[in-house]
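> Provided below: work-v8.txt, containing compact mmCIF, C-alpha atoms (C1' of nucleotides).
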```
# COMPACT_ATOMS: atom_id res chain seq x y z
CA MET A 1 0.00 0.00 0.00
CA VAL A 2 1.45 3.31 -1.10
CA ASP A 3 0.23 6.55 0.48
CA ALA A 4 1.80 9.74 1.79
CA GLY A 5 -1.22 10.41 3.99
CA GLU A 6 -0.33 8.14 6.88
CA THR A 7 -3.60 8.34 8.80
CA VAL A 8 -5.66 7.05 5.91
CA THR A 9 -3.06 4.45 5.04
CA LEU A 10 -2.93 3.10 8.56
CA ARG A 11 -6.70 2.85 8.79
CA LEU A 12 -7.01 0.96 5.52
CA ALA A 13 -3.92 -1.16 6.20
CA ARG A 14 -5.36 -2.12 9.58
CA ALA A 15 -8.62 -3.13 7.95
CA LEU A 16 -6.79 -5.21 5.36
CA ALA A 17 -4.66 -6.86 8.03
CA ARG A 18 -7.76 -7.57 10.09
CA ASP A 19 -9.19 -9.30 7.03
CA GLY A 20 -6.14 -11.56 7.05
CA TYR A 21 -3.98 -9.89 4.43
CA SER A 22 -0.27 -9.41 4.97
CA VAL A 23 0.22 -5.68 4.37
CA ASP A 24 3.34 -3.66 3.62
CA THR A 25 3.05 0.12 3.56
CA CYS A 26 5.31 2.79 2.12
CA ARG A 27 5.00 6.54 1.57
CA SER A 28 6.17 7.01 -1.99
CA GLY A 29 6.71 5.36 -5.34
CA PRO A 30 10.52 5.20 -5.04
CA THR A 31 10.18 3.51 -1.64
CA LEU A 32 7.79 0.99 -3.18
CA ALA A 33 10.30 0.24 -5.92
CA GLY A 34 12.82 -0.76 -3.27
CA GLN A 35 10.28 -2.99 -1.51
CA LEU A 36 9.29 -4.65 -4.77
CA GLY A 37 12.86 -5.74 -5.14
CA ALA A 38 12.62 -7.62 -1.86
CA GLY A 39 9.46 -9.57 -2.59
CA THR A 40 6.34 -10.03 -4.66
CA TYR A 41 2.89 -8.65 -4.00
CA GLU A 42 -0.51 -9.99 -4.97
CA ILE A 43 -2.05 -6.53 -5.19
CA ILE A 44 -0.90 -2.91 -4.90
CA VAL A 45 -3.12 -0.17 -3.43
CA VAL A 46 -2.16 3.41 -4.23
CA GLY A 47 -3.70 5.73 -1.64
CA ALA A 48 -5.27 9.16 -2.13
CA GLY A 49 -2.25 10.85 -0.51
CA THR A 50 0.09 9.75 -3.29
CA ALA A 51 1.25 12.72 -5.35
CA ASP A 52 1.17 11.17 -8.83
CA GLY A 53 -0.83 7.95 -8.76
CA ALA A 54 -1.05 7.68 -12.53
CA GLY A 55 2.68 8.22 -12.90
CA LEU A 56 3.37 5.59 -10.28
CA CYS A 57 1.15 3.12 -12.12
CA ALA A 58 2.98 3.81 -15.34
CA ASN A 59 6.36 3.28 -13.65
CA LEU A 60 5.23 0.01 -12.10
CA ARG A 61 3.97 -1.33 -15.41
CA THR A 62 7.16 -0.23 -17.16
CA ALA A 63 9.11 -2.10 -14.48
CA GLY A 64 7.19 -5.26 -15.37
CA VAL A 65 4.91 -5.37 -12.33
CA LEU A 66 1.88 -7.50 -13.22
CA ALA A 67 -0.01 -7.37 -9.91
CA PRO A 68 -3.41 -5.63 -9.99
CA ILE A 69 -3.23 -1.95 -8.99
CA LEU A 70 -6.10 -0.26 -7.14
CA VAL A 71 -5.89 3.53 -7.06
CA VAL A 72 -7.79 5.64 -4.53
CA GLY A 73 -8.22 9.13 -5.93
CA ARG A 74 -9.45 12.42 -4.49
CA GLY A 75 -12.66 12.98 -6.41
CA ALA A 76 -10.99 12.31 -9.73
CA SER A 77 -12.54 13.79 -12.84
CA PRO A 78 -13.43 11.43 -15.72
CA ARG A 79 -10.30 12.67 -17.51
CA GLU A 80 -8.06 11.93 -14.48
CA SER A 81 -9.68 8.53 -14.08
CA ALA A 82 -8.98 7.70 -17.68
CA THR A 83 -5.37 8.80 -17.29
CA ALA A 84 -4.86 6.51 -14.30
CA LEU A 85 -6.52 3.55 -15.99
CA ASP A 86 -4.53 4.11 -19.18
CA ALA A 87 -1.37 4.29 -17.09
CA GLY A 88 -1.94 0.79 -15.79
CA ALA A 89 -4.40 1.01 -12.90
CA ASP A 90 -6.96 -1.79 -12.80
CA LEU A 91 -9.53 -0.02 -10.67
CA LEU A 92 -10.17 3.51 -9.44
CA MET A 93 -12.01 4.37 -6.22
CA VAL A 94 -12.84 7.86 -4.98
CA ALA A 95 -11.92 8.97 -1.45
CA PRO A 96 -13.31 8.82 1.19
CA VAL A 97 -13.29 5.07 0.82
CA ASP A 98 -15.62 2.75 2.68
CA VAL A 99 -13.41 0.07 4.20
CA ASP A 100 -15.84 -2.78 3.50
CA GLU A 101 -16.09 -1.73 -0.13
CA LEU A 102 -12.31 -1.53 -0.40
CA LEU A 103 -11.95 -5.07 0.93
CA ALA A 104 -14.58 -6.30 -1.50
CA ARG A 105 -12.80 -4.55 -4.40
CA VAL A 106 -9.50 -6.14 -3.35
CA ARG A 107 -11.11 -9.57 -3.32
CA ALA A 108 -12.68 -8.93 -6.71
CA LEU A 109 -9.34 -7.87 -8.21
CA LEU A 110 -7.65 -10.96 -6.79
CA ARG A 111 -10.41 -13.14 -8.25
CA ARG A 112 -9.90 -11.52 -11.62
CA ALA A 113 -6.13 -11.96 -11.38
CA HIS A 114 -6.01 -15.53 -10.10
CA GLY A 115 -9.41 -17.03 -10.73
CA HIS A 116 -10.76 -18.86 -7.67
CA ALA A 117 -7.31 -19.95 -6.54
CA VAL A 118 -7.65 -22.92 -4.23
CA VAL A 119 -4.66 -24.61 -2.67
CA ARG A 120 -5.16 -28.20 -1.58
CA CYS A 121 -2.80 -30.15 0.64
CA GLY A 122 -4.25 -33.50 1.69
CA PRO A 123 -7.35 -32.90 3.81
CA VAL A 124 -6.62 -29.16 4.01
CA VAL A 125 -8.13 -26.80 1.42
CA VAL A 126 -7.22 -23.11 1.41
CA ASP A 127 -9.29 -20.67 -0.65
CA ARG A 128 -6.83 -17.84 -1.14
CA VAL A 129 -9.40 -15.47 -2.58
CA GLY A 130 -12.18 -16.14 -0.10
CA ARG A 131 -9.56 -16.40 2.62
CA ARG A 132 -11.16 -19.52 4.04
CA ALA A 133 -9.71 -22.84 5.05
CA LEU A 134 -11.34 -26.26 5.28
CA VAL A 135 -10.19 -29.50 6.85
CA ASP A 136 -12.00 -32.63 5.68
CA GLY A 137 -14.64 -30.29 4.30
CA GLN A 138 -15.20 -28.61 7.65
CA PRO A 139 -14.46 -24.88 7.91
CA LEU A 140 -11.57 -23.85 10.13
CA VAL A 141 -12.04 -20.72 12.22
CA LEU A 142 -8.67 -18.98 11.94
CA THR A 143 -7.36 -15.56 12.85
CA GLY A 144 -5.55 -13.53 10.22
CA ARG A 145 -2.09 -14.65 11.28
CA GLU A 146 -3.16 -18.29 11.49
CA TYR A 147 -4.70 -18.14 8.03
CA THR A 148 -1.54 -16.54 6.60
CA LEU A 149 0.59 -19.27 8.13
CA LEU A 150 -1.65 -22.10 6.92
CA ALA A 151 -1.87 -20.69 3.39
CA HIS A 152 1.92 -20.36 3.32
CA PHE A 153 2.43 -23.94 4.46
CA ALA A 154 -0.27 -25.36 2.19
CA SER A 155 1.23 -23.71 -0.89
CA ARG A 156 4.54 -25.49 -0.17
CA PRO A 157 3.66 -29.11 0.65
CA GLY A 158 6.72 -31.22 1.44
CA GLU A 159 8.93 -28.14 1.40
CA ILE A 160 10.85 -27.04 4.50
CA VAL A 161 9.71 -23.57 5.57
CA SER A 162 12.23 -21.86 7.81
CA ARG A 163 11.26 -19.64 10.71
CA ALA A 164 12.87 -16.72 8.94
CA ASP A 165 10.62 -17.41 5.97
CA ILE A 166 7.58 -17.55 8.24
CA MET A 167 8.55 -14.27 9.90
CA ALA A 168 9.12 -12.63 6.52
CA ARG A 169 5.78 -13.81 5.18
CA ALA A 170 3.53 -13.21 8.17
CA TRP A 171 5.37 -10.42 9.96
CA ASN A 172 7.38 -8.84 7.15
CA THR A 173 10.55 -9.40 9.26
CA ARG A 174 9.71 -6.34 11.34
CA LEU A 175 10.18 -8.31 14.54
CA ALA A 176 13.30 -9.56 16.21
CA ALA A 177 14.57 -12.91 14.96
CA SER A 178 14.90 -13.97 18.60
CA SER A 179 11.13 -13.83 19.00
CA ASN A 180 9.35 -17.16 19.34
CA LEU A 181 6.27 -15.81 17.60
CA ALA A 182 6.50 -18.43 14.86
CA GLU A 183 6.51 -21.26 17.41
CA VAL A 184 3.57 -19.80 19.29
CA HIS A 185 1.44 -19.37 16.19
CA VAL A 186 2.36 -22.78 14.79
CA ALA A 187 1.30 -24.28 18.12
CA ARG A 188 -2.01 -22.41 17.96
CA LEU A 189 -2.52 -23.53 14.37
CA ARG A 190 -1.83 -27.15 15.32
CA GLU A 191 -4.32 -26.83 18.14
CA LYS A 192 -7.01 -25.76 15.69
CA LEU A 193 -6.08 -28.54 13.27
CA ARG A 194 -6.71 -30.92 16.19
CA SER A 195 -6.47 -34.48 14.82
CA HIS A 196 -4.63 -33.13 11.74
CA ALA A 197 -1.88 -31.43 13.74
CA TRP A 198 0.53 -34.03 12.33
CA MET A 199 0.35 -32.19 8.99
CA ILE A 200 2.76 -29.54 10.28
CA GLU A 201 5.95 -31.44 10.92
CA THR A 202 8.87 -29.94 12.82
CA VAL A 203 12.18 -30.24 10.99
CA TYR A 204 14.68 -29.93 13.78
CA GLY A 205 17.06 -27.04 13.26
CA ALA A 206 15.48 -26.08 9.93
CA GLY A 207 11.85 -25.12 10.40
CA TYR A 208 8.56 -26.81 9.51
CA ARG A 209 7.19 -28.92 6.69
CA MET A 210 3.56 -29.41 5.62
CA ARG A 211 2.71 -33.03 4.91
CA ALA A 212 -0.31 -34.02 2.84
CA SER A 213 -0.49 -37.51 4.31
CA ARG A 214 0.86 -39.54 7.18
CA LYS A 215 4.01 -41.53 6.41
C1' DT B 1 20.40 -26.24 22.34
C1' DC B 2 16.23 -26.07 20.14
C1' DA B 3 11.34 -26.51 20.11
C1' DA B 4 6.79 -26.61 22.41
C1' DT B 5 3.70 -25.00 25.70
C1' DT B 6 1.57 -21.98 28.83
C1' DA B 7 0.42 -17.81 31.23
C1' DC B 8 -0.11 -13.27 31.05
C1' DC B 9 -0.57 -8.50 29.13
C1' DG B 10 -1.89 -4.69 26.10
C1' DA B 11 -4.37 -3.16 22.07
C1' DT B 12 -8.30 -3.43 19.44
C1' DC B 13 -12.93 -4.69 18.24
C1' DT B 14 -17.79 -5.48 19.18
C1' DA B 15 -22.00 -5.56 21.57
C1' DT B 16 -24.78 -3.36 24.85
C1' DA B 17 -26.36 0.31 27.82
C1' DT B 18 -27.11 5.03 28.67
C1' DC B 19 -27.87 9.73 27.58
C1' DC B 20 -29.38 13.62 24.81
C1' DG C 1 -33.37 7.52 16.95
C1' DG C 2 -28.68 8.62 16.96
C1' DA C 3 -24.41 9.48 19.47
C1' DT C 4 -21.45 8.26 23.12
C1' DA C 5 -19.58 5.46 26.90
C1' DT C 6 -18.51 1.14 28.85
C1' DA C 7 -17.58 -3.75 29.50
C1' DG C 8 -16.36 -8.02 27.71
C1' DA C 9 -14.26 -10.77 24.04
C1' DT C 10 -10.69 -11.52 20.88
C1' DC C 11 -6.24 -11.23 18.92
C1' DG C 12 -1.37 -10.72 18.76
C1' DG C 13 2.55 -10.35 21.30
C1' DT C 14 6.30 -11.36 25.16
C1' DA C 15 8.41 -14.06 28.55
C1' DA C 16 9.09 -18.06 31.36
C1' DT C 17 9.10 -22.88 31.82
C1' DT C 18 9.41 -27.59 30.35
C1' DG C 19 10.78 -31.37 27.50
C1' DA C 20 13.35 -33.89 23.80
```
Can I see the file as structure tokens?

Amino acid sequence: MVDAGETVTLRLARALARDGYSVDTCRSGPTLAGQLGAGTYEIIVVGAGTADGAGLCANLRTAGVLAPILVVGRGASPRESATALDAGADLLMVAPVDVDELLARVRALLRRAHGHAVVRCGPVVVDRVGRRALVDGQPLVLTGREYTLLAHFASRPGEIVSRADIMARAWNTRLAASSNLAEVHVARLREKLRSHAWMIETVYGAGYRMRASRK
DNA sequence: TCAATTACCGATCTATATCC
DNA sequence: GGATATAGATCGGTAATTGA
């Protein structure tokens, strides 16, 4: 999420995080360019406080960024809207933005970009667009962090996921590496998986591995 | 030494009650 | 009826303890 107006950004970012999204924020296009180098994003939201939203869109597209871009404008005229869309924006919303509508637009853009992306790993099914998870067809009630962790594991079955990777994905590495947050949340996730807790296997000294079936 | 578990705390959200 | 205040619930985090 790019926005120079921090108050608005924080409010929307908080709403997105509450909905289970992992959110990075930055205040300008150049800052975003640096962050894009460090990782990939499923969607980019350009806030109303950004000086040149259309220009930023154009730069992102020129740089080869394919992720959907949602631009929040300040009462944009039809001409300004057209400029932003032509520059590479996928959707334009006019501030002030209703948070529920923003979340719905984000989901819609992700649907358009990915289709109904469903990740399956044995009895676990993760709907990445609907942000739901099922085990043996039964819905799992997960918090945002727990969902992020499960989706991350499920998309890498059989692959060792290090704690550093977990921290980077779910916490954007903003916390100290000495924190045992990953352990705590994995434990909570296992608790909710109940009889399927075996699916998250500890790889001593390396991290965790998601297994689709018992050995 | 590393990983798992548990208890506890603070921040935030939500539902309900009260007041104007 | 709408706005505001309050209490309880929930979530995310830290720290301490235990076990392999």
> Between CA of Ala67 in chain A and CA of Ile43 in chain A, what is the distance, to one decimal in Å?
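CA of Ala67 in chain A sits 5.2 Å away from CA of Ile43 in chain A.
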> Could you list the residues in chain A lying within 12 Å of chain B, using all atoms listed in the file, and format the result as a list in words?
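Residues passing the distance filter: Arg14, Ala15, Arg18, Arg163, Asn180, Leu181, Ala182, Glu183, Val184, His185, Val186, Ala187, Arg188, Arg190, Glu191, Glu201, Thr202, Val203, Tyr204, Gly205, Ala206, Gly207 and Tyr208 of chain A.
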> Work out how far apart CA of Ala89 in chain A and CA of Leu109 in chain A are and give it in Å to one decimal.
11.2 Å
> Counting only C-alpha atoms (C1' of nucleotides), note down every residue that has an atom within 9 Å of the point (-1.7, -11.8, 16.9) (file coordinates), as a list in words.
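Looking at atoms near the point gives Thr143, Gly144, Arg145, Glu146, Leu181 and His185 of chain A; DC11, DG12 and DG13 of chain C.
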> In Å, with one decimal, what is the gap from CA of Thr25 in chain A to CA of Gly73 in chain A?
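These atoms are spaced 17.3 Å apart.
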> Could you work out an axis-aligned bounding box for all listed atoms of range 7-14 of chain C, with 4 Å added on each of the six sides, and give its centre and edge lengths in Å to one decimal, as AutoDock Vina command-line options?

```
--center_x -5.6 --center_y -7.6 --center_z 24.1 --size_x 31.9 --size_y 15.8 --size_z 18.7
```
> My list of candidates is A:Leu142, A:Met210, A:Met199, A:Lys192. Which is closest to chain C when distances are computed with all atoms listed in the file?
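With all atoms listed in the file as the atom set, the closest residue is A:Leu142.
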> Can you list, as a ChimeraX atom specification, every protein, DNA or RNA residue that comes within 7 Å of Gly122 in chain A when you count all atoms listed in the file, leaving out same-chain residues fewer than 2 positions away?
/A:120,124,212-213
